[in-house]
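S.K.: Here it is, the structure in full.
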Amino acid sequence: MTSIAVCPGSFDPVTYGHLDIIRRGAKVFDEVYVAVLNNSSKNPLFSVEERMELIRKVTKDLPNVKVDTFQGLLVEYAASVKANAIIRGLRAVSDFEYEMQLTSMNRVLNDKIETFFIMTNNQYSFLSSSIVKEVARYNGKISELVPPEVESALMKKFSNK
């Protein structure tokens, strides 16, 4: 049986923390769909297409990683790609309560899809896309936080503002 996982998120933009979770998931599962959420409640810096392209660039060395997008319920998307697992990254204890609520609701909606939590590497435990954008907005050093392709895209976005 092929093990297929979905790694969902906004990825606005993708960071080394996200990549850590994606890479580790790709070692465990036969296929990993990095699913970019089109979240109407957020005001993203990058379009869904831009985020997908950045993820494709920084995961091009991972042949079992596919990049896609979805709207609506995560478990419905996961079922549509025949996934049997969802991968979620945890940075800190504060993430756990929210993630536990989501996981419990997903299990009510579809109990055939398991959620796997991967603790982020300690060096990325503070990292979020919001922090990266804030530092980049003021020309701060982000080279240790995001891949070079993402750093360039951020600099380009903020030089136009």
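Within each chain, counting starts at residue 1; across the structure tokens, chains are named A, B, ... in the order shown, with ligands numbered 1 upward in that order.
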Find the nearest atom pair between each residue of stretch 6-76 of chain A and stretch 139-144 of chain A for residues within 12 Å, count only C-alpha atoms, give distances in Å to one decimal, sort rows by chain and ascending number, and present the table as a tab-separated table.

M.R.:
residue	atom	partner	partner_atom	distance
A:Pro13	CA	A:Ile142	CA	12.0
A:Thr15	CA	A:Glu144	CA	9.4
A:Tyr16	CA	A:Glu144	CA	8.0
A:Gly17	CA	A:Glu144	CA	10.5

S.K.: For C-alpha atoms, I'd like the residues from the last selection saved as an mmCIF file, in the first residue's frame.

M.R.:
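And here is the file that came out, out.cif:
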data_model
loop_
_atom_site.group_PDB
_atom_site.id
_atom_site.type_symbol
_atom_site.label_atom_id
_atom_site.label_comp_id
_atom_site.auth_asym_id
_atom_site.auth_seq_id
_atom_site.Cartn_x
_atom_site.Cartn_y
_atom_site.Cartn_z
ATOM 1 C CA PRO A 13 6.265 32.351 2.409
ATOM 2 C CA THR A 15 10.560 28.948 5.476
ATOM 3 C CA TYR A 16 13.356 26.605 6.512
ATOM 4 C CA GLY A 17 11.023 25.461 9.299
#

S.K.: Using only C-alpha atoms, can you tell me which of A:Asp111, A:Glu76, A:Glu97, A:Asp61 comes closest to A:Arg23?

M.R.: A:Asp61

S.K.: Counting only C-alpha atoms, what is within 8 Å of A:Leu62, bar same-chain residues fewer than 3 positions away, as a VMD selection string?

M.R.: chain A and resid 23 26 59 65

S.K.: Residues at most 9 Å from A:Ile4, counting only C-alpha atoms, excluding those fewer than 2 positions away in the same chain, as a list in words?

M.R.: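 The residues satisfying every condition are Thr2, Val6, Phe29, Asp30, Glu31, Val32, Tyr33, Ala78, Val81, Lys82, Ala83, Asn84, Ala85 and Ile86 of chain A.
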
S.K.: Figure out the distance between atom CA of A:Phe116 and atom CA of A:Asp68, please, to one decimal in Å.

M.R.: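 For atom CA of A:Asp68 relative to atom CA of A:Phe116, the distance reads 19.5 Å.
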
S.K.: For stretch 148-158 of chain A, work out the shell of residues within 12 Å, counting only C-alpha atoms and skipping chain neighbours fewer than 5 positions away, then give it as a VMD selection string.

M.R.: chain A and resid 11 to 16 19 44 to 47 50 to 59 129 132 to 143

S.K.: Pick out each residue of chain A that DSSP on the backbone tags as strand (DSSP E or B); I need them as a ChimeraX atom specification.

M.R.: /A:4-9,31-37,65-70,85-90,114-119

S.K.: Selected residues, C-alpha atoms, written as an mmCIF file, in the first residue's frame, please.

M.R.:
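The resulting file, again.cif, is reproduced below:
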data_model
loop_
_atom_site.group_PDB
_atom_site.id
_atom_site.type_symbol
_atom_site.label_atom_id
_atom_site.label_comp_id
_atom_site.auth_asym_id
_atom_site.auth_seq_id
_atom_site.Cartn_x
_atom_site.Cartn_y
_atom_site.Cartn_z
ATOM 1 C CA ILE A 4 0.365 9.314 0.921
ATOM 2 C CA ALA A 5 0.438 12.342 3.204
ATOM 3 C CA VAL A 6 -0.748 15.911 2.919
ATOM 4 C CA CYS A 7 1.319 18.692 4.483
ATOM 5 C CA PRO A 8 -1.052 21.688 4.521
ATOM 6 C CA GLY A 9 -0.332 25.328 5.209
ATOM 7 C CA GLU A 31 4.255 10.704 -1.542
ATOM 8 C CA VAL A 32 3.784 14.046 0.164
ATOM 9 C CA TYR A 33 1.391 16.662 -1.162
ATOM 10 C CA VAL A 34 2.376 20.116 0.031
ATOM 11 C CA ALA A 35 -1.065 21.681 -0.082
ATOM 12 C CA VAL A 36 -1.167 25.464 -0.151
ATOM 13 C CA LEU A 37 -4.277 26.700 1.580
ATOM 14 C CA VAL A 65 6.880 15.803 -3.118
ATOM 15 C CA LYS A 66 4.026 17.302 -5.120
ATOM 16 C CA VAL A 67 2.766 20.863 -4.725
ATOM 17 C CA ASP A 68 -0.934 21.586 -4.951
ATOM 18 C CA THR A 69 -3.574 23.958 -3.609
ATOM 19 C CA PHE A 70 -6.957 23.510 -2.016
ATOM 20 C CA ALA A 85 -2.179 10.862 6.567
ATOM 21 C CA ILE A 86 -1.859 14.545 7.381
ATOM 22 C CA ILE A 87 1.497 15.950 8.491
ATOM 23 C CA ARG A 88 1.492 18.860 10.927
ATOM 24 C CA GLY A 89 4.542 20.623 12.302
ATOM 25 C CA LEU A 90 4.699 21.654 15.942
ATOM 26 C CA GLU A 114 -4.455 9.901 10.582
ATOM 27 C CA THR A 115 -2.584 13.025 11.651
ATOM 28 C CA PHE A 116 1.146 12.842 12.358
ATOM 29 C CA PHE A 117 2.861 15.594 14.307
ATOM 30 C CA ILE A 118 6.500 16.335 13.616
ATOM 31 C CA MET A 119 8.351 18.479 16.128
#

S.K.: Find the residue from A:Gly72, A:Ser128, A:Glu99, A:Asn160 that sits nearest to A:His18; use only C-alpha atoms when measuring.

M.R.: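 The answer is A:Ser128, which sits nearest to A:His18.
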